[in-house]
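This is start27.txt (compact mmCIF, N, CA and C atoms).
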# COMPACT_ATOMS: atom_id res chain seq x y z
N MET O 22 0.84 -1.18 0.00
CA MET O 22 0.00 0.00 0.00
C MET O 22 0.89 1.24 0.00
N GLN O 23 0.62 2.16 -0.92
CA GLN O 23 1.41 3.37 -1.05
C GLN O 23 0.86 4.44 -0.11
N THR O 24 1.77 5.06 0.64
CA THR O 24 1.35 6.15 1.50
C THR O 24 1.67 7.47 0.82
N VAL O 25 0.74 8.40 0.94
CA VAL O 25 0.89 9.71 0.31
C VAL O 25 0.71 10.76 1.40
N SER O 26 1.64 11.68 1.47
CA SER O 26 1.50 12.74 2.46
C SER O 26 0.36 13.67 2.06
N ILE O 27 -0.14 14.39 3.02
CA ILE O 27 -1.22 15.34 2.75
C ILE O 27 -0.76 16.38 1.74
N ALA O 28 0.47 16.87 1.89
CA ALA O 28 0.99 17.88 0.97
C ALA O 28 1.06 17.34 -0.45
N GLN O 29 1.50 16.08 -0.62
CA GLN O 29 1.55 15.48 -1.96
C GLN O 29 0.15 15.33 -2.53
N ASP O 30 -0.79 14.92 -1.69
CA ASP O 30 -2.17 14.75 -2.13
C ASP O 30 -2.76 16.09 -2.59
N VAL O 31 -2.54 17.15 -1.82
CA VAL O 31 -3.04 18.48 -2.17
C VAL O 31 -2.40 18.94 -3.47
N THR O 32 -1.09 18.73 -3.60
CA THR O 32 -0.39 19.13 -4.81
C THR O 32 -0.97 18.42 -6.03
N ARG O 33 -1.21 17.12 -5.93
CA ARG O 33 -1.78 16.38 -7.05
C ARG O 33 -3.15 16.91 -7.43
N LYS O 34 -3.97 17.20 -6.44
CA LYS O 34 -5.31 17.70 -6.72
C LYS O 34 -5.27 18.98 -7.52
N TYR O 35 -4.31 19.86 -7.20
CA TYR O 35 -4.29 21.17 -7.81
C TYR O 35 -3.32 21.30 -8.97
N GLU O 36 -2.64 20.21 -9.34
CA GLU O 36 -1.78 20.26 -10.51
C GLU O 36 -2.61 20.32 -11.78
N VAL O 37 -3.81 19.84 -11.70
CA VAL O 37 -4.70 19.86 -12.85
C VAL O 37 -5.20 21.28 -13.03
N ALA O 38 -4.93 21.86 -14.20
CA ALA O 38 -5.28 23.26 -14.44
C ALA O 38 -6.78 23.48 -14.43
N ASP O 39 -7.55 22.45 -14.69
CA ASP O 39 -8.99 22.60 -14.82
C ASP O 39 -9.70 21.99 -13.61
N PHE O 40 -9.40 22.45 -12.40
CA PHE O 40 -10.07 21.90 -11.24
C PHE O 40 -11.44 22.54 -11.09
N ASP O 41 -12.33 21.86 -10.40
CA ASP O 41 -13.74 22.28 -10.35
C ASP O 41 -13.98 23.45 -9.40
N GLY O 42 -15.20 23.97 -9.45
CA GLY O 42 -15.57 25.13 -8.65
C GLY O 42 -15.44 24.89 -7.16
N TYR O 43 -15.73 23.69 -6.71
CA TYR O 43 -15.63 23.38 -5.28
C TYR O 43 -14.17 23.48 -4.83
N ALA O 44 -13.27 22.93 -5.62
CA ALA O 44 -11.84 22.98 -5.29
C ALA O 44 -11.35 24.42 -5.33
N LYS O 45 -11.83 25.19 -6.30
CA LYS O 45 -11.42 26.60 -6.39
C LYS O 45 -11.88 27.38 -5.18
N ARG O 46 -13.11 27.14 -4.75
CA ARG O 46 -13.64 27.83 -3.58
C ARG O 46 -12.81 27.51 -2.34
N GLY O 47 -12.49 26.23 -2.17
CA GLY O 47 -11.68 25.81 -1.03
C GLY O 47 -10.31 26.44 -1.05
N LEU O 48 -9.71 26.48 -2.23
CA LEU O 48 -8.40 27.09 -2.37
C LEU O 48 -8.46 28.59 -2.12
N ARG O 49 -9.48 29.24 -2.64
CA ARG O 49 -9.64 30.68 -2.43
C ARG O 49 -9.78 31.00 -0.94
N ASP O 50 -10.52 30.16 -0.22
CA ASP O 50 -10.70 30.36 1.22
C ASP O 50 -9.37 30.20 1.96
N ARG O 51 -8.56 29.23 1.56
CA ARG O 51 -7.29 28.99 2.24
C ARG O 51 -6.24 30.04 1.90
N LEU O 52 -6.29 30.60 0.71
CA LEU O 52 -5.28 31.56 0.29
C LEU O 52 -5.40 32.90 0.97
N ASN O 53 -6.62 33.36 1.17
CA ASN O 53 -6.87 34.67 1.77
C ASN O 53 -6.04 35.74 1.08
N ILE O 54 -6.28 35.88 -0.21
CA ILE O 54 -5.54 36.79 -1.07
C ILE O 54 -5.63 38.23 -0.59
N ILE O 55 -6.80 38.62 -0.13
CA ILE O 55 -6.98 40.00 0.33
C ILE O 55 -6.08 40.30 1.53
N ALA O 56 -6.01 39.38 2.49
CA ALA O 56 -5.15 39.59 3.66
C ALA O 56 -3.68 39.67 3.25
N ALA O 57 -3.26 38.85 2.31
CA ALA O 57 -1.87 38.88 1.85
C ALA O 57 -1.56 40.21 1.18
N ALA O 58 -2.49 40.70 0.37
CA ALA O 58 -2.29 41.99 -0.31
C ALA O 58 -2.27 43.12 0.71
N GLU O 59 -3.21 43.11 1.64
CA GLU O 59 -3.28 44.17 2.66
C GLU O 59 -2.01 44.22 3.51
N ALA O 60 -1.48 43.06 3.87
CA ALA O 60 -0.27 43.02 4.69
C ALA O 60 0.89 43.73 3.99
N HIS O 61 0.98 43.58 2.68
CA HIS O 61 2.08 44.21 1.95
C HIS O 61 1.84 45.71 1.75
N VAL O 62 0.60 46.10 1.62
CA VAL O 62 0.28 47.54 1.54
C VAL O 62 0.60 48.20 2.88
N VAL O 63 0.24 47.55 3.98
CA VAL O 63 0.54 48.08 5.31
C VAL O 63 2.04 48.20 5.50
N TRP O 64 2.77 47.16 5.08
CA TRP O 64 4.23 47.21 5.22
C TRP O 64 4.82 48.36 4.40
N LYS O 65 4.32 48.57 3.20
CA LYS O 65 4.82 49.67 2.37
C LYS O 65 4.55 51.01 3.08
N ASN O 66 3.40 51.15 3.67
CA ASN O 66 3.08 52.38 4.41
C ASN O 66 4.03 52.58 5.59
N ARG O 67 4.34 51.51 6.31
CA ARG O 67 5.28 51.61 7.43
C ARG O 67 6.65 52.05 6.95
N LEU O 68 7.12 51.44 5.86
CA LEU O 68 8.42 51.82 5.32
C LEU O 68 8.38 53.25 4.80
N GLY O 69 7.27 53.63 4.18
CA GLY O 69 7.11 55.00 3.69
C GLY O 69 7.20 56.03 4.81
N ASN O 70 6.68 55.69 5.97
CA ASN O 70 6.78 56.59 7.12
C ASN O 70 8.24 56.79 7.52
N HIS O 71 9.04 55.76 7.39
CA HIS O 71 10.48 55.89 7.67
C HIS O 71 11.15 56.77 6.61
N VAL O 72 10.80 56.55 5.36
CA VAL O 72 11.39 57.33 4.27
C VAL O 72 11.06 58.81 4.45
N ARG O 73 9.83 59.10 4.88
CA ARG O 73 9.40 60.49 5.09
C ARG O 73 9.90 61.06 6.41
N GLY O 74 10.52 60.20 7.24
CA GLY O 74 11.07 60.66 8.50
C GLY O 74 10.06 60.86 9.60
N VAL O 75 8.88 60.27 9.48
CA VAL O 75 7.84 60.45 10.50
C VAL O 75 7.69 59.25 11.44
N SER O 76 8.54 58.23 11.26
CA SER O 76 8.49 57.06 12.13
C SER O 76 9.91 56.64 12.48
N HIS O 77 10.04 56.17 13.70
CA HIS O 77 11.33 55.68 14.15
C HIS O 77 11.19 54.29 14.76
N GLU O 78 10.08 53.61 14.45
CA GLU O 78 9.89 52.26 14.98
C GLU O 78 10.95 51.34 14.37
N PRO O 79 11.41 50.36 15.13
CA PRO O 79 12.39 49.42 14.57
C PRO O 79 11.74 48.59 13.46
N LEU O 80 12.51 48.36 12.40
CA LEU O 80 11.95 47.63 11.25
C LEU O 80 12.35 46.16 11.20
N GLY O 81 13.20 45.71 12.05
CA GLY O 81 13.59 44.30 12.02
C GLY O 81 14.26 43.94 10.71
N ALA O 82 15.33 44.64 10.38
CA ALA O 82 16.00 44.46 9.10
C ALA O 82 16.46 43.02 8.86
N ALA O 83 16.70 42.25 9.92
CA ALA O 83 17.13 40.87 9.74
C ALA O 83 16.07 40.05 9.01
N LEU O 84 14.80 40.36 9.24
CA LEU O 84 13.71 39.63 8.59
C LEU O 84 13.22 40.31 7.33
N LEU O 85 13.53 41.57 7.19
CA LEU O 85 13.00 42.39 6.12
C LEU O 85 13.27 41.83 4.73
N GLY O 86 14.47 41.38 4.49
CA GLY O 86 14.84 40.91 3.17
C GLY O 86 14.49 39.47 2.87
N GLN O 87 13.84 38.80 3.78
CA GLN O 87 13.51 37.39 3.60
C GLN O 87 12.07 37.23 3.16
N ASP O 88 11.88 36.93 1.88
CA ASP O 88 10.53 36.87 1.33
C ASP O 88 9.76 35.61 1.68
N GLY O 89 10.39 34.62 2.27
CA GLY O 89 9.69 33.38 2.59
C GLY O 89 9.08 33.34 3.97
N ILE O 90 9.23 34.42 4.73
CA ILE O 90 8.77 34.42 6.11
C ILE O 90 7.32 34.89 6.26
N CYS O 91 6.91 35.85 5.46
CA CYS O 91 5.54 36.38 5.58
C CYS O 91 4.52 35.37 5.05
N GLN O 92 3.25 35.64 5.31
CA GLN O 92 2.17 34.75 4.89
C GLN O 92 2.20 34.50 3.39
N LEU O 93 2.37 35.56 2.62
CA LEU O 93 2.39 35.41 1.16
C LEU O 93 3.59 34.59 0.72
N GLY O 94 4.73 34.81 1.33
CA GLY O 94 5.93 34.04 0.99
C GLY O 94 5.72 32.55 1.24
N ARG O 95 5.06 32.24 2.35
CA ARG O 95 4.78 30.82 2.64
C ARG O 95 3.82 30.23 1.62
N LEU O 96 2.86 31.04 1.14
CA LEU O 96 1.94 30.55 0.10
C LEU O 96 2.69 30.32 -1.21
N ILE O 97 3.53 31.27 -1.57
CA ILE O 97 4.27 31.17 -2.83
C ILE O 97 5.19 29.95 -2.81
N ASN O 98 5.84 29.70 -1.69
CA ASN O 98 6.81 28.61 -1.60
C ASN O 98 6.19 27.28 -1.20
N GLY O 99 4.92 27.28 -0.84
CA GLY O 99 4.24 26.05 -0.42
C GLY O 99 3.49 25.39 -1.58
N THR O 100 2.60 24.49 -1.22
CA THR O 100 1.85 23.74 -2.22
C THR O 100 0.51 24.37 -2.59
N ALA O 101 0.06 25.36 -1.83
CA ALA O 101 -1.27 25.93 -2.05
C ALA O 101 -1.45 26.51 -3.44
N LEU O 102 -0.39 27.05 -4.01
CA LEU O 102 -0.48 27.67 -5.34
C LEU O 102 0.04 26.76 -6.45
N ALA O 103 0.16 25.48 -6.17
CA ALA O 103 0.72 24.54 -7.15
C ALA O 103 -0.03 24.58 -8.49
N ALA O 104 -1.32 24.81 -8.47
CA ALA O 104 -2.10 24.84 -9.71
C ALA O 104 -1.71 26.00 -10.60
N PHE O 105 -1.01 26.98 -10.05
CA PHE O 105 -0.69 28.18 -10.81
C PHE O 105 0.78 28.28 -11.20
N HIS O 106 1.58 27.29 -10.86
CA HIS O 106 3.02 27.36 -11.11
C HIS O 106 3.37 27.64 -12.56
N GLU O 107 2.54 27.23 -13.48
CA GLU O 107 2.83 27.45 -14.91
C GLU O 107 2.19 28.72 -15.44
N LYS O 108 1.51 29.44 -14.61
CA LYS O 108 0.82 30.67 -15.03
C LYS O 108 1.75 31.87 -14.91
N ASP O 109 1.60 32.82 -15.83
CA ASP O 109 2.40 34.05 -15.78
C ASP O 109 2.17 34.82 -14.49
N ALA O 110 0.93 34.82 -14.00
CA ALA O 110 0.61 35.56 -12.78
C ALA O 110 1.42 35.03 -11.59
N TYR O 111 1.59 33.72 -11.52
CA TYR O 111 2.36 33.14 -10.43
C TYR O 111 3.84 33.51 -10.55
N ARG O 112 4.37 33.40 -11.76
CA ARG O 112 5.78 33.74 -11.97
C ARG O 112 6.04 35.21 -11.64
N GLN O 113 5.13 36.08 -12.07
CA GLN O 113 5.26 37.51 -11.78
C GLN O 113 5.18 37.74 -10.27
N LEU O 114 4.28 37.02 -9.61
CA LEU O 114 4.12 37.15 -8.16
C LEU O 114 5.41 36.77 -7.43
N ARG O 115 6.00 35.65 -7.82
CA ARG O 115 7.26 35.20 -7.19
C ARG O 115 8.34 36.25 -7.29
N VAL O 116 8.53 36.76 -8.51
CA VAL O 116 9.59 37.74 -8.75
C VAL O 116 9.30 39.04 -8.00
N ALA O 117 8.08 39.54 -8.12
CA ALA O 117 7.72 40.81 -7.47
C ALA O 117 7.82 40.71 -5.96
N HIS O 118 7.41 39.59 -5.40
CA HIS O 118 7.45 39.42 -3.95
C HIS O 118 8.90 39.38 -3.45
N GLU O 119 9.75 38.68 -4.16
CA GLU O 119 11.17 38.65 -3.79
C GLU O 119 11.76 40.05 -3.88
N GLN O 120 11.44 40.78 -4.95
CA GLN O 120 11.94 42.14 -5.12
C GLN O 120 11.42 43.06 -4.01
N PHE O 121 10.17 42.93 -3.66
CA PHE O 121 9.55 43.75 -2.62
C PHE O 121 10.35 43.67 -1.32
N HIS O 122 10.67 42.45 -0.91
CA HIS O 122 11.41 42.26 0.34
C HIS O 122 12.87 42.68 0.20
N ARG O 123 13.49 42.34 -0.90
CA ARG O 123 14.90 42.69 -1.11
C ARG O 123 15.06 44.20 -1.17
N LEU O 124 14.19 44.87 -1.91
CA LEU O 124 14.28 46.33 -2.06
C LEU O 124 13.98 47.06 -0.75
N ALA O 125 13.09 46.49 0.07
CA ALA O 125 12.81 47.10 1.38
C ALA O 125 14.10 47.14 2.21
N LEU O 126 14.86 46.08 2.16
CA LEU O 126 16.12 46.03 2.89
C LEU O 126 17.10 47.06 2.34
N VAL O 127 17.14 47.23 1.03
CA VAL O 127 18.03 48.23 0.43
C VAL O 127 17.61 49.63 0.84
N VAL O 128 16.30 49.89 0.86
CA VAL O 128 15.80 51.21 1.29
C VAL O 128 16.25 51.49 2.72
N VAL O 129 16.09 50.53 3.60
CA VAL O 129 16.50 50.70 5.00
C VAL O 129 18.00 50.91 5.10
N ASP O 130 18.77 50.15 4.34
CA ASP O 130 20.23 50.33 4.35
C ASP O 130 20.62 51.73 3.89
N LYS O 131 19.94 52.23 2.86
CA LYS O 131 20.23 53.59 2.38
C LYS O 131 19.88 54.63 3.44
N LEU O 132 18.77 54.44 4.12
CA LEU O 132 18.39 55.38 5.18
C LEU O 132 19.43 55.37 6.30
N LYS O 133 19.86 54.18 6.69
CA LYS O 133 20.86 54.07 7.77
C LYS O 133 22.18 54.71 7.36
N ALA O 134 22.50 54.66 6.06
CA ALA O 134 23.75 55.24 5.57
C ALA O 134 23.63 56.74 5.34
N GLY O 135 22.44 57.29 5.55
CA GLY O 135 22.23 58.73 5.36
C GLY O 135 21.90 59.13 3.93
N ASP O 136 21.64 58.16 3.07
CA ASP O 136 21.30 58.45 1.67
C ASP O 136 19.79 58.57 1.53
N HIS O 137 19.24 59.66 2.04
CA HIS O 137 17.79 59.86 2.03
C HIS O 137 17.27 60.00 0.60
N THR O 138 18.01 60.69 -0.25
CA THR O 138 17.60 60.89 -1.65
C THR O 138 17.52 59.55 -2.37
N GLY O 139 18.54 58.71 -2.19
CA GLY O 139 18.55 57.39 -2.83
C GLY O 139 17.44 56.50 -2.30
N ALA O 140 17.22 56.55 -0.99
CA ALA O 140 16.16 55.74 -0.38
C ALA O 140 14.80 56.16 -0.90
N THR O 141 14.59 57.47 -0.99
CA THR O 141 13.31 57.99 -1.47
C THR O 141 13.07 57.59 -2.92
N ALA O 142 14.08 57.73 -3.75
CA ALA O 142 13.95 57.38 -5.17
C ALA O 142 13.64 55.90 -5.33
N LEU O 143 14.34 55.05 -4.61
CA LEU O 143 14.12 53.61 -4.68
C LEU O 143 12.72 53.25 -4.19
N PHE O 144 12.31 53.85 -3.07
CA PHE O 144 11.00 53.60 -2.49
C PHE O 144 9.88 54.00 -3.46
N GLU O 145 10.01 55.18 -4.04
CA GLU O 145 8.94 55.70 -4.91
C GLU O 145 8.89 55.03 -6.28
N ASN O 146 9.97 54.41 -6.70
CA ASN O 146 10.01 53.81 -8.03
C ASN O 146 9.99 52.29 -7.98
N GLU O 147 11.14 51.67 -7.86
CA GLU O 147 11.22 50.21 -7.94
C GLU O 147 10.40 49.50 -6.86
N TYR O 148 10.47 50.03 -5.63
CA TYR O 148 9.75 49.40 -4.54
C TYR O 148 8.24 49.48 -4.76
N SER O 149 7.76 50.66 -5.14
CA SER O 149 6.33 50.83 -5.42
C SER O 149 5.90 49.97 -6.59
N HIS O 150 6.76 49.84 -7.58
CA HIS O 150 6.46 49.00 -8.75
C HIS O 150 6.36 47.52 -8.34
N ALA O 151 7.23 47.09 -7.44
CA ALA O 151 7.16 45.71 -6.97
C ALA O 151 5.83 45.44 -6.26
N LEU O 152 5.39 46.38 -5.42
CA LEU O 152 4.09 46.21 -4.76
C LEU O 152 2.97 46.19 -5.79
N HIS O 153 3.03 47.07 -6.76
CA HIS O 153 2.01 47.08 -7.81
C HIS O 153 1.95 45.72 -8.50
N ASN O 154 3.09 45.14 -8.80
CA ASN O 154 3.12 43.83 -9.47
C ASN O 154 2.59 42.72 -8.57
N ILE O 155 2.85 42.80 -7.27
CA ILE O 155 2.28 41.83 -6.33
C ILE O 155 0.76 41.90 -6.37
N LEU O 156 0.23 43.11 -6.25
CA LEU O 156 -1.23 43.29 -6.23
C LEU O 156 -1.87 42.86 -7.54
N GLN O 157 -1.22 43.18 -8.64
CA GLN O 157 -1.73 42.79 -9.96
C GLN O 157 -1.74 41.27 -10.10
N SER O 158 -0.68 40.62 -9.68
CA SER O 158 -0.60 39.16 -9.78
C SER O 158 -1.64 38.49 -8.90
N LEU O 159 -1.79 38.98 -7.67
CA LEU O 159 -2.80 38.41 -6.78
C LEU O 159 -4.20 38.59 -7.36
N SER O 160 -4.43 39.71 -7.98
CA SER O 160 -5.72 39.97 -8.61
C SER O 160 -5.97 38.98 -9.76
N GLN O 161 -4.94 38.72 -10.55
CA GLN O 161 -5.07 37.77 -11.66
C GLN O 161 -5.34 36.36 -11.14
N ILE O 162 -4.63 35.97 -10.09
CA ILE O 162 -4.86 34.65 -9.50
C ILE O 162 -6.26 34.56 -8.94
N ASN O 163 -6.72 35.61 -8.29
CA ASN O 163 -8.08 35.62 -7.75
C ASN O 163 -9.10 35.48 -8.88
N ARG O 164 -8.88 36.17 -10.00
CA ARG O 164 -9.80 36.04 -11.14
C ARG O 164 -9.83 34.61 -11.66
N LEU O 165 -8.67 33.95 -11.70
CA LEU O 165 -8.63 32.56 -12.15
C LEU O 165 -9.43 31.66 -11.22
N LEU O 166 -9.44 32.00 -9.94
CA LEU O 166 -10.20 31.22 -8.98
C LEU O 166 -11.70 31.48 -9.06
N LEU O 167 -12.08 32.58 -9.67
CA LEU O 167 -13.50 32.92 -9.80
C LEU O 167 -14.10 32.42 -11.10
N GLU O 168 -13.27 31.99 -12.03
CA GLU O 168 -13.77 31.53 -13.35
C GLU O 168 -14.55 30.26 -13.21
Mind turning the file's structure into structure tokens?
Amino acid sequence: MQTVSIAQDVTRKYEVADFDGYAKRGLRDRLNIIAAAEAHVVWKNRLGNHVRGVSHEPLGAALLGQDGICQLGRLINGTALAAFHEKDAYRQLRVAHEQFHRLALVVVDKLKAGDHTGATALFENEYSHALHNILQSLSQINRLLLE
């Protein structure tokens, strides 16, 4: 008798691109796309407060650059999104999410080094673009789950 782990079983179920509405609903409930998007918007606002000089709360730079620690990172690196691994939205999400965390660390490093102009430019351009791509990708994945 072959034993299959729960993770392997879930992965097999969702490897099929054409899974049914019930499976999509269950996956949508487990993903909580809105909470993942909101968490990253909140984080961008917190970092923005530092860039604008209106916050001095510690940012935990040791964790800042690690994209696999937050809820979305665990979803991206886990089996929950296995059905989307071949989709452009998933690939864009992976890249944008990694950039979001990596660039946040660079912004903080620039602020600590006294490069406020560089930190501001990075925050307003590449960092904001990474968040935009995360939100766009999550929206595309959500639409696929609603089809």
Exercise for the section: Excluding segment 53-61 of chain O and any residue of its chain fewer than 4 positions from it, enumerate the residues within 7 Å of it, using all atoms listed in the file, and give them as a ChimeraX atom specification. Expected result: /O:48-49,65-66,92-93,152,155-156,159
Completion exercise
atom CA of Ser160 of chain O to atom N of Ala110 of chain O measures 10.0 Å
Handout entry: Contacts of Val72 of chain O within 6.5 Å, only N, CA and C atoms, excl. fewer than 3 positions in-chain, as a PyMOL selection string
Key = chain O and resi 67-69+75+140-141
Hey, can I get the axis-aligned box for segment 91-104 of chain O? All listed atoms, 3 Å padding on each side, centre and edge lengths in Å to one decimal, as JSON.
{"center_x": 2.4, "center_y": 30.1, "center_z": -2.5, "size_x": 15.0, "size_y": 18.6, "size_z": 22.2}
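For the atom pair formed by atom C of Gly94 of chain O and atom CA of Leu126 of chain O, the distance is 17.1 Å, given to one decimal.
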